[in-house]
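Data first, discussion second: the structure below is written as structure tokens.
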Amino acid sequence: MKKNTLLTMALAASFALQAQWVDDPSSNTRLANCNEAAAEVYVSTDITNGDSYVQWHYQGENGWSPWLQRLDVNGVPQWPADGIHVTTPDFATWSPGYAMTAVNGGVVTVFRTLGPHHWAVKINADGSFPWGEHGFILFDGEGGGRSEVLSTYGFNHDDGVWALGTDMDSTFLQYINADGTLRPKTTIKDPAKKCSNGLLLPAENGVFVVYSKHTLQGYTTYNKEIHVAGYDKNGGQIFPETLLFAQQAVGASYVHYAIPDNKGGGYVYQFHNGIGGVYNTYVTHFDESGTPTITEPNGIAVHSPDYSNFYTTAYATVAPNSNDLIIAYLQKDAASQSQHRVYVNRITESGEKPWGDGILVADYTGQSYGSIHVDAIDYADGFVVTYGTGQGTIEAVGYDYEGNLLWNTTMSSTNYNKTISENTSGFHYGQNIVAWVNGDDGGVYGQNIGWDGALGEVSPLPPPVPCCFAPENFEGSYQYNEETASYGAMLTWEAPAYSVLHYNLYRENLDDATTDVIEIDAEATAYFDEATPGLYKYQLTAMYDDLESEFALTPDGEDFIIIEVTSVTENANDSEIVTPLKILTINGQVIRNANLGELSSGVYIVQGLTSTGKLITKKVIVNNE
């Protein structure tokens with residue numbers, strides 16, 4: 001049976017930032033010096049310690065090359081004021097595509113040089129280059145298109161990274177061990193189609209590659225379809241190629257995006273005008289085996305299509321309490337593309353849209369919007385949408401997972417031209433970080449925001465969302481009921497600290513391998529399962545909305561109980577309770593400070609000791625009229 005587990009979070013339970021991140025949106029925090037023409041800003045956080053890395057690019061003596069800066073959790077730059085420059089020679093004079101990810105104790109950047117070759121460089125937190133100052137060439141020298149990189153830390157903890165690159169026809173995949181040694185290269189190609197725009201998502205024991213396969217039709221139009229396949233670290237295919245999006249005739253510039261669903265699969269989305277000539281964003285999903293769970297071959301549109309508006313420029317996150325996709329996107333009028341609105345919508349892994357046509361985040365006020373991001377707060381009930389405005393400000397809006405507005409915060413109120421980061425750091429250690437280049441003074445600036453919308457010093461983190469706690473001290477034994485001459489298993493447990501919807505009791509008959517699921521009331525802490533003779537395995541979970549806890553553990557640490565139910569009555573000397581210890585209703589609700597003589601008439605469950613000291617549980621019929 002598939003279980004939903006509580007997400008592991010590398011967070012301090014009560015952490016507050018010290019000074020450096022400012023709380024004044026009119027100044028923000030200067031992170032590094034650069035050129036006012038710099039662009040392609042990326043942010044990534046090391047989840048082991050909260051350090052964040054910012055990468056940006058501008059024309060240097062070796063071409064359009066990357067600079068990086070390290071920040072501690074307080075937003076204090078740790079490297080020189082101009083950052084560390086990757087000086088691998090002969091970059092192009094234009095952007096050939098870059099990627100960057102924080103790893104345990106450092107950062108890895110992957111890029112294409114003028115060669116064209118793909119390179120990987122690692123920089124430790126102390127600014128040293130463990131793979132050499134220039135790193136090394138990937139994919140045996142093949143490739144020449146855009147790069148991608150995925151850290152394995154957080155889903156298999158070996159500190160290596162996956163790297164991906166393309167050329168005009170194929171996609172190349174290679175795993176880099178933490179010490180910089182390379183595993184074998186994998187080439188994804190099709191003799192009849194071009195394979196490009198690959199994206200990386202974590203998979204069990206490997207990685208998923210989500211890529212397009214296309215043929216050119218005319219001058220700028222492609223017949224494009226999107227596939228997924230899984231590979232292990234040595235390049236072996238572990239999940240077959242599977243079609244995610246059926247073929248559409250789209251413009252060459254329209255690419256796709258992917259995000260892990262935190263359950264081993266992922267969501268994929270793209271925006272194009274291939275369906276009826278209407279520009280929209282479409283979403284699909286695949287599970288941990290690479291199998292699509294949304295049956296619509298073209299995916300689910302984030303917004304009802306109409307010829308008067310485009311719905312594009314999407315950015316997504318995943319809600320940890322439901323694993324639903326939370327996707328923010330831009331509405332632009334089709335006539336002039338000058339009237340902008342920001343929306344956010346929610347899509348389940350089966351393609352349902354609980355919020356219909358979404359929630360309006362920012363209405364049209366005569367200005368344009370852009371640089372839209374959305375980030376889930378994985379230890380609090382909510383998510384945050386950030387976006388830039390035509391006046392140069394950066395806004396943030398917080399919502400809970402029901403779509404209710406919680407707060408609005410202006411992160412930057414200055415009106416100079418900003419090149420905002422391609423991504424945000426995501427929430428770690430209580431904060432999310434946006435970075436940008438100041439188009440006036442050539443500085444790299446940034447601003448943090450807390451889970452509650454506060455800037456600067458972040459308040460202590462709230463406790464984890466009570467979503468997946470299991471019952472405790474699960475126990476049981478065979479019982480015979482003299483009053484009803486029935487026999488079965490008497491099961492007891494302690495309720496978790498948070499309210500549940502109900503309990504699921506899984507009863508497996510080990511004699512014929514059949515399993516039944518019994519729903520038990522949320523108030524119960526005991527249950528008598530009247531069963532025919534046989535050998536049974538019992539397991540118990542708690543349900544919270546759409547999430548199910550792990551199995552309850554016994555005092556011995558097992559997640560199951562084996563009980564043999566027979567038709568044999570108990571010894572007469574051990575069948576009478578002389579010392580009652582606990583009285584429960586027939587539904588298992590504990591009645592405190594009561595004795596049988598004070599109870600209303602009815603059927604009760606009594607736990608107590610016999611004259612020989614044996615602990616037994618019996619059904620008792622009380623008639624106190």
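Naming scheme: A, B, ... for chains in displayed order of the structure tokens; residues 1 onward per chain; ligands 1 onward as shown.
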
Who sits within 10 Å of A:Leu182, only C-alpha atoms, same chain under 4 positions skipped, as a count of residues only: 11

For stretch 387-390 of chain A: contacts at 7 Å, only C-alpha atoms, fewer than 2 positions along chain excluded, given as a list in words: Gln367, Ser368, Tyr369, Gly370, Ser371, Ile372, His373, Val385, Gly392, Thr393, Ile394, Glu395 and Ala396 of chain A

Grab the residues selected above and save them as an mmCIF file, in the first residue's frame with N, CA and C atoms.
data_model
loop_
_atom_site.group_PDB
_atom_site.id
_atom_site.type_symbol
_atom_site.label_atom_id
_atom_site.label_comp_id
_atom_site.auth_asym_id
_atom_site.auth_seq_id
_atom_site.Cartn_x
_atom_site.Cartn_y
_atom_site.Cartn_z
ATOM 1 N N GLN A 367 -0.159 48.991 -15.248
ATOM 2 C CA GLN A 367 1.247 48.632 -15.358
ATOM 3 C C GLN A 367 1.377 47.156 -15.731
ATOM 4 N N SER A 368 2.577 46.786 -16.145
ATOM 5 C CA SER A 368 2.841 45.399 -16.506
ATOM 6 C C SER A 368 3.417 44.653 -15.317
ATOM 7 N N TYR A 369 3.333 43.321 -15.380
ATOM 8 C CA TYR A 369 3.908 42.460 -14.346
ATOM 9 C C TYR A 369 4.852 41.460 -15.004
ATOM 10 N N GLY A 370 5.758 40.934 -14.219
ATOM 11 C CA GLY A 370 6.688 39.932 -14.729
ATOM 12 C C GLY A 370 7.457 39.296 -13.595
ATOM 13 N N SER A 371 8.390 38.397 -13.942
ATOM 14 C CA SER A 371 9.221 37.695 -12.956
ATOM 15 C C SER A 371 8.361 37.084 -11.853
ATOM 16 N N ILE A 372 7.350 36.312 -12.266
ATOM 17 C CA ILE A 372 6.419 35.705 -11.317
ATOM 18 C C ILE A 372 7.037 34.442 -10.729
ATOM 19 N N HIS A 373 6.960 34.296 -9.392
ATOM 20 C CA HIS A 373 7.407 33.094 -8.713
ATOM 21 C C HIS A 373 6.377 32.706 -7.651
ATOM 22 N N VAL A 385 3.336 34.157 -3.414
ATOM 23 C CA VAL A 385 3.529 34.571 -4.803
ATOM 24 C C VAL A 385 4.323 35.870 -4.791
ATOM 25 N N GLY A 392 9.136 48.761 -11.295
ATOM 26 C CA GLY A 392 10.381 48.272 -10.711
ATOM 27 C C GLY A 392 10.256 47.735 -9.306
ATOM 28 N N THR A 393 9.071 47.767 -8.714
ATOM 29 C CA THR A 393 8.914 47.227 -7.367
ATOM 30 C C THR A 393 8.778 45.709 -7.423
ATOM 31 N N ILE A 394 8.968 45.075 -6.270
ATOM 32 C CA ILE A 394 8.764 43.632 -6.138
ATOM 33 C C ILE A 394 7.755 43.415 -5.021
ATOM 34 N N GLU A 395 6.686 42.697 -5.343
ATOM 35 C CA GLU A 395 5.593 42.474 -4.404
ATOM 36 C C GLU A 395 5.532 41.008 -4.000
ATOM 37 N N ALA A 396 5.015 40.757 -2.792
ATOM 38 C CA ALA A 396 4.823 39.390 -2.305
ATOM 39 C C ALA A 396 3.455 39.292 -1.658
#

Residue contacts of A:Gly443 (6 Å, only C-alpha atoms) excluding same-chain residues fewer than 2 positions away, as a PyMOL selection string: chain A and resi 32-34+437-438+441

Contacts of A:Ile300 at 10 Å (only C-alpha atoms; same-chain gap of 2+ positions) as a PyMOL selection string: chain A and resi 269+280-285+294-298+302-304+347+350-353

Atom CA of A:Asn423 to atom CA of A:Ile275, straight-line distance in Å: 28.2 Å

Residues within 7 Å of stretch 20-23 of chain A, only C-alpha atoms, excluding chain neighbours under 3 positions, as an MDAnalysis selection string: chainID A and resid 28:29 74:76 447:448 455:457

Who sits within 10 Å of A:Phe560, only C-alpha atoms, same chain under 4 positions skipped, as JSON, numbers by chain: {"A": [474, 475, 476, 506, 507, 537, 538, 539, 540, 551, 552, 553, 554]}

Contacts of stretch 253-258 of chain A within 8 Å, only C-alpha atoms, excl. fewer than 5 positions in-chain, as a PyMOL selection string: chain A and resi 197+199-201+210+266-272

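Pairwise distance (atom CA of A:Ala526, atom CA of A:Asp512) equals 25.8 Å.
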
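Among A:Glu494, A:Glu564, A:Glu576, A:Asp232, the residue with the shortest atom-to-atom distance to A:Ala524, counting only C-alpha atoms, is A:Glu494.
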
DSSP strand (DSSP E) residues within stretch 113-340 of chain A, listed as number ranges by chain: A: 118-124, 136-137, 148-151, 161-166, 171-176, 186-188, 194-203, 206-217, 221-231, 237-251, 256-260, 266-272, 280-286, 300-301, 309-318, 325-333, 340
